[in-house]
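Chemist: One structure coming up, written as structure tokens, with questions to follow.
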Amino acid sequence: MSSQDLIQGSSLLLSELSHYNQWMATRLNSLGPIEGTVLEFGCGSGGMARAIVRLPGVRRLIANDVSPHVKDYFAKHLSSVPNLEFSDADIFRTPEVFKGMNYDIAVTSNTLEHIEDDGLALNRITECARSKTAVILVPAFNCLYGTCDADGGHFRRYTKKSFRRMAEGAGLRVEKIAYFNLLGAAGWWTQYVLMKRTDYEAESHASNYSIFDKYIVPVYSKLERLVPLPFGLSLVARVSSQP
């Protein structure tokens, strides 16, 4: 998938699902408050940026992505959002730039699976935070790896065990970890594993995304809080480099 495709297909559709993105941001915030100046590492087309910047404790959000197409998209569509700014710094080439951002906490969602050395990236964004803390959402379970993962250039999906192994191998401590969005896993498996729809066909079933966002998420998100999940479309975690 090219960098331009990161603001097309399912990525663009998901960024427009306001209830879904707010649910993800709220779930990450429940692992421990996201507040102050926040770095969003791998912001893509900005759906999570819009949700994170609305969290009550967030004063300023630095949305980061190395793609020039994402930079252009932000300039056109998100430049007027209050307390939101864009950075195209590269965590591998210029990590010192991240230290100079003086952010309090890092957030990253659906990004680490795109990075071959995910441990190094996670270590650096965590170490550069003043709180030495990051909150993460990543896709879960390799049995859900489907055509959309392949189209998106995903190296992997995660389980609690494999995420812990990666994070601890990078010198980080996993403070909290859980699965997220059990219902979404069924829809994902049906569309991208069983039916093998490609990411480039996403617009042809945009109505499914819209129905899920408008009518299902507001109700289901409240139900999912009630019990720990043994399975889910995603995994959420909070890590720290503090002992």
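Chain lettering (A, B, ...) mirrors the order of the structure tokens, residue numbering begins at 1 for each chain separately, and ligand numbering begins at 1 in order of display.
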Name the residues of range 79-169 of chain A that come out as strand (DSSP E) in a backbone DSSP run; write them as a list in words.
Modeler: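 After running DSSP on the backbone, range 79-169 of chain A has strand (DSSP E) at Leu84, Glu85, Phe86, Ser87, Ile105, Ala106, Val107, Thr108, Ser109, Thr133, Ala134, Val135, Ile136, Leu137, Val138 and Pro139 of chain A.
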Chemist: With C-alpha atoms retained, write the just-selected residues as a JSON list (two decimals), in the first residue's frame.
Modeler:
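Written file, out_31.json:
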[["chain", "number", "residue", "atom", "x", "y", "z"],
["A", 84, "LEU", "CA", -4.25, 20.47, 16.88],
["A", 85, "GLU", "CA", -0.99, 20.71, 14.96],
["A", 86, "PHE", "CA", 0.84, 18.43, 12.55],
["A", 87, "SER", "CA", 4.40, 17.08, 12.52],
["A", 105, "ILE", "CA", 2.14, 11.27, 26.85],
["A", 106, "ALA", "CA", 2.16, 9.39, 23.54],
["A", 107, "VAL", "CA", -0.86, 7.79, 21.90],
["A", 108, "THR", "CA", -0.72, 5.46, 18.92],
["A", 109, "SER", "CA", -3.57, 3.56, 17.29],
["A", 133, "THR", "CA", 4.17, 6.68, 29.19],
["A", 134, "ALA", "CA", 2.29, 5.64, 26.06],
["A", 135, "VAL", "CA", -1.16, 4.23, 25.36],
["A", 136, "ILE", "CA", -1.62, 1.95, 22.39],
["A", 137, "LEU", "CA", -4.32, 0.36, 20.24],
["A", 138, "VAL", "CA", -3.27, -2.35, 17.79],
["A", 139, "PRO", "CA", -5.09, -5.05, 15.79]]
Chemist: May I have the residues within 7 Å of range 30-44 of chain A as a PyMOL selection string, using only C-alpha atoms and disregarding those fewer than 6 positions away in the same chain?
Modeler: chain A and resi 6-7+57-65+70+103-108+111+176+238
Chemist: How about saving the chosen residues, C-alpha atoms kept, as a PDB file, in the first residue's frame?
Modeler:
ATOM      1  CA  LEU A   6      -3.364   5.593   3.880  1.00  0.00           C
ATOM      2  CA  ILE A   7      -5.944   8.331   3.309  1.00  0.00           C
ATOM      3  CA  GLY A  57      -7.606  16.697  29.787  1.00  0.00           C
ATOM      4  CA  VAL A  58      -5.982  17.357  26.415  1.00  0.00           C
ATOM      5  CA  ARG A  59      -4.647  20.899  25.996  1.00  0.00           C
ATOM      6  CA  ARG A  60      -2.655  20.373  22.791  1.00  0.00           C
ATOM      7  CA  LEU A  61      -2.328  17.513  20.307  1.00  0.00           C
ATOM      8  CA  ILE A  62       0.641  16.963  18.008  1.00  0.00           C
ATOM      9  CA  ALA A  63      -0.506  14.652  15.206  1.00  0.00           C
ATOM     10  CA  ASN A  64       2.511  12.932  13.664  1.00  0.00           C
ATOM     11  CA  ASP A  65       2.845  11.036  10.391  1.00  0.00           C
ATOM     12  CA  VAL A  70      -1.197  12.763   5.168  1.00  0.00           C
ATOM     13  CA  TYR A 103       4.763  16.173  25.061  1.00  0.00           C
ATOM     14  CA  ASP A 104       3.381  14.596  28.213  1.00  0.00           C
ATOM     15  CA  ILE A 105       2.142  11.274  26.850  1.00  0.00           C
ATOM     16  CA  ALA A 106       2.156   9.387  23.541  1.00  0.00           C
ATOM     17  CA  VAL A 107      -0.863   7.785  21.899  1.00  0.00           C
ATOM     18  CA  THR A 108      -0.723   5.463  18.917  1.00  0.00           C
ATOM     19  CA  THR A 111       0.163   2.103  13.589  1.00  0.00           C
ATOM     20  CA  LYS A 176      -2.529  -2.403  31.614  1.00  0.00           C
ATOM     21  CA  ARG A 238      -0.658   1.327  28.555  1.00  0.00           C
TER      22      ARG A 238
END
Chemist: May I have the residues within 7 Å of Glu116 in chain A as a ChimeraX atom specification, using only C-alpha atoms and disregarding those fewer than 2 positions away in the same chain?
Modeler: /A:114,118,155
Chemist: Considering only C-alpha atoms, state which residue in the set A:Asn123, A:Asn142, A:Ser79, A:Ser240 is at the smallest distance from Phe92 in chain A.
Modeler: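 Smallest distance to Phe92 in chain A is found for A:Asn123.
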Chemist: Taking only C-alpha atoms into account, name the residue in A:Leu78, A:Leu17, A:Met101, A:Leu122 that is nearest to Gly171 in chain A.
Modeler: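 Once distances to Gly171 in chain A are computed over only C-alpha atoms, the minimum belongs to A:Leu122.
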Chemist: Point out the residue among A:Trp188, A:Tyr209, A:Phe98, A:Tyr179 with the least atom-to-atom distance to Pro230 in chain A, counting only C-alpha atoms.
Modeler: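 Of A:Trp188, A:Tyr209, A:Phe98, A:Tyr179, the one nearest Pro230 in chain A, counting only C-alpha atoms, is A:Tyr179.
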Chemist: Return the single residue from A:Ala167, A:Leu144, A:Val174, A:Val219 that is closest to Gly232 in chain A, with distances computed using only C-alpha atoms.
Modeler: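 Nearest to Gly232 in chain A: A:Leu144.
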Chemist: Just the residues within 9 Å of range 215-218 of chain A, please, counting only C-alpha atoms, with nothing from its chain fewer than 4 positions along; format it as a list of chain:residue names.
Modeler: A:His19, A:Tyr20, A:Trp23, A:Ser210, A:Ile211, A:Lys222
Chemist: Could you check the closest approach to Leu229 in chain A for each of A:Arg165, A:Ser45, A:Phe180, A:Gly187 and tell me which residue wins, using only C-alpha atoms?
Modeler: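 Using only C-alpha atoms, Leu229 in chain A sits closest to A:Phe180.
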Chemist: Per DSSP on the backbone, filter range 30-204 of chain A down to the residues in helix (DSSP H, G or I) and report them as a PyMOL selection string.
Modeler: chain A and resi 47-52+68-77+95-100+112-114+118-127+142-144+147-151+160-169+182-194+199-204
Chemist: If you measure from CA of Ala129 in chain A to CA of Arg156 in chain A, what distance in Å do you get, rounded to one decimal?
Modeler: 25.6 Å
Chemist: For Arg157 in chain A, which residue among A:Tyr220, A:Leu120, A:Leu112, A:Asn102 is the nearest when counting only C-alpha atoms?
Modeler: A:Leu112
